[in-house]
file run08.csv (CSV, C-alpha atoms)
chain,number,residue,atom,x,y,z
A,1,MET,CA,112.2,92.8,104.7
A,2,PRO,CA,110.3,96.1,104.0
A,3,ASN,CA,108.0,96.2,101.0
A,4,THR,CA,109.2,98.2,98.0
A,5,ILE,CA,106.8,101.2,97.6
A,6,ILE,CA,108.3,102.5,94.4
A,7,SER,CA,111.2,101.6,92.1
A,8,VAL,CA,112.6,102.7,88.8
A,9,SER,CA,114.5,100.8,86.2
A,10,GLY,CA,116.6,102.1,83.4
A,11,LEU,CA,115.0,105.6,83.5
A,12,CYS,CA,116.3,108.0,80.8
A,13,LYS,CA,115.3,111.6,80.2
A,14,SER,CA,116.7,114.2,77.8
A,15,PHE,CA,115.9,117.8,77.1
A,16,GLY,CA,117.0,118.4,73.5
A,17,PRO,CA,120.8,117.8,73.5
A,18,ILE,CA,121.0,117.7,77.3
A,19,THR,CA,120.8,114.3,78.9
A,20,ALA,CA,119.3,114.7,82.4
A,21,LEU,CA,119.0,111.0,83.4
A,22,ARG,CA,121.0,108.0,82.1
A,23,ASP,CA,119.7,104.5,82.9
A,24,VAL,CA,118.8,105.3,86.5
A,25,THR,CA,117.7,102.3,88.7
A,26,LEU,CA,116.8,102.6,92.4
A,27,SER,CA,114.0,101.7,94.9
A,28,VAL,CA,112.3,103.1,98.0
A,29,GLN,CA,111.3,100.8,100.9
A,30,GLU,CA,108.2,101.2,103.0
A,31,GLY,CA,108.8,103.0,106.3
A,32,GLN,CA,112.3,104.1,105.4
A,33,THR,CA,113.8,107.5,104.6
A,34,THR,CA,115.7,107.4,101.3
A,35,ALA,CA,117.9,110.2,100.1
A,36,ILE,CA,119.2,111.1,96.7
A,37,VAL,CA,122.2,113.4,96.8
A,38,GLY,CA,124.3,115.0,94.1
A,39,ASP,CA,125.5,118.4,92.8
A,40,ASN,CA,123.3,120.8,90.8
A,41,GLY,CA,122.6,119.3,87.4
A,42,SER,CA,123.0,115.7,88.5
A,43,GLY,CA,119.4,114.8,87.6
A,44,LYS,CA,117.9,114.7,91.1
A,45,SER,CA,115.0,117.1,90.5
A,46,THR,CA,114.2,115.6,87.1
A,47,LEU,CA,113.9,112.2,88.8
A,48,ILE,CA,111.4,113.7,91.3
A,49,LYS,CA,109.3,115.1,88.5
A,50,LEU,CA,109.1,111.7,86.8
A,51,LEU,CA,108.0,110.1,90.0
A,52,SER,CA,105.4,112.7,90.7
A,53,GLY,CA,104.0,112.6,87.1
A,54,ASN,CA,105.1,116.0,86.0
A,55,LEU,CA,107.5,114.6,83.3
A,56,ALA,CA,107.5,111.4,81.2
A,57,PRO,CA,110.7,109.4,80.8
A,58,ASP,CA,112.1,108.7,77.4
A,59,ALA,CA,112.9,105.1,78.4
A,60,GLY,CA,112.7,102.8,81.4
A,61,SER,CA,109.8,102.1,83.8
A,62,ILE,CA,108.4,103.0,87.1
A,63,THR,CA,107.0,100.3,89.4
A,64,VAL,CA,104.5,101.1,92.2
A,65,GLU,CA,103.7,98.3,94.6
A,66,GLY,CA,104.6,95.6,92.1
A,67,ARG,CA,102.8,97.1,89.0
A,68,GLU,CA,105.0,98.5,86.2
A,69,TYR,CA,104.2,101.7,84.3
A,70,PRO,CA,106.0,103.3,81.4
A,71,ARG,CA,105.2,106.7,83.0
A,72,LEU,CA,102.9,108.2,85.7
A,73,SER,CA,100.5,111.0,85.2
A,74,ILE,CA,100.0,113.5,88.0
A,75,ALA,CA,96.5,112.1,88.6
A,76,GLN,CA,97.9,108.5,88.8
A,77,ALA,CA,100.7,109.6,91.3
A,78,LEU,CA,98.2,111.3,93.5
A,79,GLN,CA,95.8,108.4,93.4
A,80,MET,CA,98.6,106.0,94.4
A,81,GLY,CA,99.4,108.2,97.4
A,82,ILE,CA,102.5,109.9,96.1
A,83,ARG,CA,102.7,113.4,97.6
A,84,THR,CA,105.3,115.9,96.5
A,85,VAL,CA,106.8,119.1,98.1
A,86,TYR,CA,108.8,120.9,95.4
A,87,GLN,CA,111.8,123.2,96.0
A,88,ASP,CA,109.6,126.3,95.1
A,89,LEU,CA,106.9,125.0,97.6
A,90,SER,CA,104.1,126.0,95.2
A,91,LEU,CA,102.3,128.0,97.9
A,92,ASP,CA,99.8,130.8,97.1
A,93,ASP,CA,101.2,134.0,98.6
A,94,CYS,CA,97.8,135.6,98.5
A,95,LYS,CA,96.4,133.1,101.0
A,96,ASN,CA,97.1,132.6,104.7
A,97,SER,CA,98.4,129.5,106.4
A,98,TYR,CA,95.3,127.4,106.8
A,99,GLU,CA,94.0,128.4,103.4
A,100,ASN,CA,97.2,127.1,101.8
A,101,ILE,CA,97.0,123.8,103.7
A,102,PHE,CA,93.5,123.1,102.5
A,103,LEU,CA,93.9,124.6,99.0
A,104,GLY,CA,91.9,122.4,96.7
A,105,HIS,CA,90.7,120.2,99.6
A,106,GLU,CA,88.7,122.7,101.6
A,107,TRP,CA,86.4,121.5,104.4
A,108,MET,CA,82.8,122.6,103.9
A,109,ARG,CA,79.7,123.2,106.1
A,110,GLY,CA,76.9,122.8,103.6
A,111,PRO,CA,77.6,125.3,100.8
A,112,PHE,CA,80.0,127.4,103.0
A,113,LEU,CA,83.7,127.0,103.9
A,114,ASP,CA,84.1,125.6,107.4
A,115,ARG,CA,86.8,128.2,108.3
A,116,ARG,CA,86.5,127.6,112.0
A,117,ARG,CA,87.3,123.9,111.7
A,118,MET,CA,90.2,124.5,109.2
A,119,LYS,CA,91.7,127.1,111.6
A,120,GLN,CA,91.9,124.4,114.3
A,121,VAL,CA,94.7,122.7,112.3
A,122,ARG,CA,98.0,123.6,113.8
A,123,VAL,CA,100.8,121.5,112.3
A,124,LEU,CA,103.0,124.3,111.1
A,125,SER,CA,106.1,123.2,113.0
A,126,GLY,CA,109.3,123.3,111.1
A,127,GLY,CA,110.8,125.9,108.7
A,128,GLN,CA,107.8,128.2,108.3
A,129,ARG,CA,106.8,127.9,104.6
A,130,GLN,CA,108.5,124.5,104.2
A,131,GLY,CA,106.5,123.2,107.2
A,132,LEU,CA,103.4,124.6,105.7
A,133,ALA,CA,104.0,122.9,102.3
A,134,ILE,CA,104.7,119.6,104.1
A,135,ALA,CA,101.5,119.9,106.2
A,136,ARG,CA,99.5,120.5,103.0
A,137,ALA,CA,101.1,117.5,101.2
A,138,MET,CA,100.3,115.2,104.2
A,139,LEU,CA,96.7,116.4,104.7
A,140,GLN,CA,95.5,113.8,102.2
A,141,PRO,CA,96.2,110.1,102.8
A,142,GLY,CA,99.4,109.0,101.1
A,143,GLN,CA,102.1,106.3,101.2
A,144,LEU,CA,105.1,108.3,99.9
A,145,LEU,CA,106.3,111.8,100.5
A,146,LEU,CA,108.8,113.3,98.0
A,147,LEU,CA,110.8,116.3,99.1
A,148,ASP,CA,113.0,118.3,96.7
A,149,GLU,CA,115.7,120.2,98.6
A,150,PRO,CA,113.6,120.7,101.7
A,151,THR,CA,116.1,123.1,103.4
A,152,ALA,CA,117.2,125.0,100.3
A,153,ALA,CA,117.9,128.7,100.9
A,154,MET,CA,117.0,128.4,104.7
A,155,GLY,CA,118.9,129.9,107.6
A,156,ILE,CA,120.4,127.7,110.3
A,157,ARG,CA,117.3,127.9,112.6
A,158,GLU,CA,114.7,127.2,109.9
A,159,SER,CA,116.8,124.3,108.5
A,160,HIS,CA,117.0,122.8,112.0
A,161,GLN,CA,113.2,123.1,112.4
A,162,THR,CA,112.6,121.4,109.1
A,163,MET,CA,114.9,118.6,109.9
A,164,GLN,CA,113.2,118.1,113.3
A,165,LEU,CA,109.9,117.8,111.4
A,166,LEU,CA,111.3,115.3,109.0
A,167,ARG,CA,112.8,113.2,111.9
A,168,ARG,CA,109.3,113.2,113.5
A,169,LEU,CA,107.7,111.9,110.2
A,170,ARG,CA,110.4,109.2,110.0
A,171,THR,CA,109.8,108.2,113.6
A,172,GLU,CA,106.1,108.0,112.9
A,173,GLY,CA,106.8,105.5,110.1
A,174,HIS,CA,106.2,107.6,107.0
A,175,THR,CA,108.0,106.7,103.9
A,176,LEU,CA,110.1,109.7,102.7
A,177,LEU,CA,112.2,110.3,99.6
A,178,ILE,CA,114.4,113.4,100.1
A,179,VAL,CA,116.5,115.1,97.4
A,180,SER,CA,119.4,117.1,98.7
A,181,HIS,CA,122.9,118.3,97.8
A,182,ASP,CA,124.0,118.2,101.5
A,183,ILE,CA,125.6,114.8,102.3
A,184,TYR,CA,126.1,115.6,106.0
A,185,GLN,CA,122.4,116.6,106.4
A,186,VAL,CA,121.0,113.5,104.8
A,187,PHE,CA,123.2,111.2,107.0
A,188,ASP,CA,121.3,112.7,109.9
A,189,ILE,CA,118.0,111.3,108.7
A,190,ALA,CA,118.3,108.8,105.9
A,191,ASP,CA,118.3,105.0,106.0
A,192,ARG,CA,119.6,104.6,102.5
A,193,ILE,CA,121.4,107.1,100.2
A,194,PHE,CA,121.7,107.1,96.4
A,195,VAL,CA,124.3,109.3,94.8
A,196,MET,CA,123.8,110.8,91.4
A,197,ARG,CA,126.3,112.4,89.1
A,198,ALA,CA,125.7,113.7,85.5
A,199,GLY,CA,122.4,111.9,85.4
A,200,ARG,CA,123.7,108.5,86.6
A,201,CYS,CA,123.3,106.7,89.9
A,202,ILE,CA,126.9,106.1,90.9
A,203,ALA,CA,126.4,104.7,94.5
A,204,ASP,CA,123.9,103.0,96.7
A,205,ILE,CA,124.8,103.4,100.4
A,206,ILE,CA,123.2,102.1,103.6
A,207,ALA,CA,123.7,105.0,105.9
A,208,ALA,CA,124.3,103.0,109.1
A,209,ASP,CA,127.2,101.2,107.4
A,210,SER,CA,128.9,104.3,106.2
A,211,SER,CA,129.7,108.0,107.0
A,212,PRO,CA,129.7,111.3,105.2
A,213,GLU,CA,133.5,111.2,104.9
A,214,GLU,CA,133.5,107.7,103.5
A,215,LEU,CA,130.7,108.6,101.0
A,216,HIS,CA,132.6,111.8,100.0
A,217,ARG,CA,135.7,109.7,99.3
A,218,LEU,CA,133.7,107.2,97.3
A,219,ILE,CA,132.2,109.9,95.2
A,220,LEU,CA,135.6,111.4,94.4
A,221,GLU,CA,137.0,107.9,93.5
A,222,ARG,CA,134.2,107.2,91.1
A,223,GLU,CA,134.4,110.7,89.6
A,224,ARG,CA,138.1,110.1,88.9
A,225,GLY,CA,137.4,106.7,87.5
A,226,ALA,CA,134.8,108.2,85.1
A,227,VAL,CA,137.2,110.8,83.9
A,228,GLU,CA,140.0,108.3,83.4
call {"tool": "encode", "arguments": {"input": "run08.csv", "output": "C-alpha cells"}}
result
Amino acid sequence: MPNTIISVSGLCKSFGPITALRDVTLSVQEGQTTAIVGDNGSGKSTLIKLLSGNLAPDAGSITVEGREYPRLSIAQALQMGIRTVYQDLSLDDCKNSYENIFLGHEWMRGPFLDRRRMKQVRVLSGGQRQGLAIARAMLQPGQLLLLDEPTAAMGIRESHQTMQLLRRLRTEGHTLLIVSHDIYQVFDIADRIFVMRAGRCIADIIAADSSPEELHRLILERERGAVE
C-alpha cells in the first residue's frame, strides 16, 4: 500500500461569519494523483492554502509523513517538499521564461548570474504560463505538487497541453494534488477524487471504480439529502 504523504483531519477555517472549511478529512498517497473537485466557494482553494502554509486552520491538524502539525508555515511546507502552483501562477511579468523559472534560485558563476546555463533549461511544454509555473515549482526537490485549477481560463489547445504535462508527471511517479471544478477533466488523470461542497468533503471516490456520470449522480443525491 502506498505511503501517505500528507493527510488532514478535522480541518476547519472561517473568515468572519463565512465558514470556508468544515471538519475536512482526507489524505494523499505517494505516487498517486489526487483531485479535489467542487463548485466555486466549496473550500478547495482554502484547503490548498492551508496545505502550503499560506493560511492557518482554526481547528484540526495536518500530518506530513506521520508527523502531526496544528498548522504549517510557508517555510515548513517548502522544507517538507510541498510545492504549489496557484491559480494566478504568481509569475513576474517583467521577467522572461528562464528568469521566472529560476526566480529566487538563480544559478551563479562566481558573483555573476550563469545566464547561459539557465537558458539551457527547456521544460516549458504545456499551457505556456502554466507550464512555466509548473517548471519553476519542480525545479527544487519536492515530494508533493499542489495545483490550484491548473487549466482555469485556458483555451482548448492550452488546456490539452497542460493535461499532457500533468499526465507525464503522473507517469514519472510524481505525487500530485489537483484542485479543479471540472469532473470530466480530473477523471482523465486522477487516481482518487474527493468532492467538496460548502466547505465539507462529501465523497471519496476511486476513479477506476467510478465514472464522471456516476460521480455527478452521487453529488446530486448528497446535495438533495443535505437540503432535506
call {"tool": "residues_around", "arguments": {"input": "run08.csv", "residues": "A:Ala35", "least_positions_apart": "4", "cutoff": "9 Å", "atoms": "all atoms listed in the file", "output": "list in words"}}
result
Leu176, Leu177, Ile178, Val179, Ser180, Val186, Phe187, Ile189, Ala190, Asp191, Arg192, Ile193, Phe194 and Val195 of chain A
call {"tool": "residues_around", "arguments": {"input": "run08.csv", "residues": "stretch 29-31 of chain A", "least_positions_apart": "5", "cutoff": "12 Å", "atoms": "all atoms listed in the file", "output": "list in words"}}
result
Met1, Pro2, Asn3, Thr4, Ile5, Ile6, Ser7, Val64, Glu65, Gly142, Gln143, Leu144, Leu145, Leu169, Arg170, Thr171, Glu172, Gly173, His174, Thr175, Leu176, Leu177, Ala190, Asp191, Arg192 and Ile193 of chain A
call {"tool": "closest_residue", "arguments": {"input": "run08.csv", "among": "A:Asp23, A:Val37, A:Ala59, A:Gln32", "to": "A:Asp204", "atoms": "only C-alpha atoms"}}
result
A:Val37
call {"tool": "residues_around", "arguments": {"input": "run08.csv", "residues": "A:Ile219", "least_positions_apart": "4", "cutoff": "8 Å", "atoms": "all atoms listed in the file", "output": "list of chain:residue names"}}
result
A:Val195, A:Ile202, A:Ala203, A:Leu215, A:Glu223
call {"tool": "atom_distance", "arguments": {"input": "run08.csv", "atom1": "atom CA of A:Leu26", "atom2": "atom CA of A:Gln164"}}
result
26.3 Å
call {"tool": "closest_residue", "arguments": {"input": "run08.csv", "among": "A:Ser61, A:Leu51, A:Cys12, A:Ala20", "to": "A:Ala77", "atoms": "only C-alpha atoms"}}
result
A:Leu51
call {"tool": "residues_around", "arguments": {"input": "run08.csv", "residues": "stretch 15-17 of chain A", "least_positions_apart": "3", "cutoff": "12 Å", "atoms": "all atoms listed in the file", "output": "list in words"}}
result
Cys12, Ala20, Leu21, Gly43, Thr46, Leu55, Ala56, Pro57 and Asp58 of chain A
call {"tool": "residues_around", "arguments": {"input": "run08.csv", "residues": "A:Thr25", "least_positions_apart": "3", "cutoff": "9 Å", "atoms": "all atoms listed in the file", "output": "list in words"}}
result
Ser7, Val8, Ser9, Gly10, Leu11, Gly60, Arg200 and Cys201 of chain A
call {"tool": "atom_distance", "arguments": {"input": "run08.csv", "atom1": "atom CA of A:Arg83", "atom2": "atom CA of A:Lys49"}}
result
11.4 Å
call {"tool": "atom_distance", "arguments": {"input": "run08.csv", "atom1": "atom CA of A:Asp148", "atom2": "atom CA of A:Arg168"}}
result
17.9 Å
call {"tool": "closest_residue", "arguments": {"input": "run08.csv", "among": "A:Arg71, A:Leu165, A:Val28, A:Pro150", "to": "A:Val85", "atoms": "only C-alpha atoms"}}
result
A:Pro150
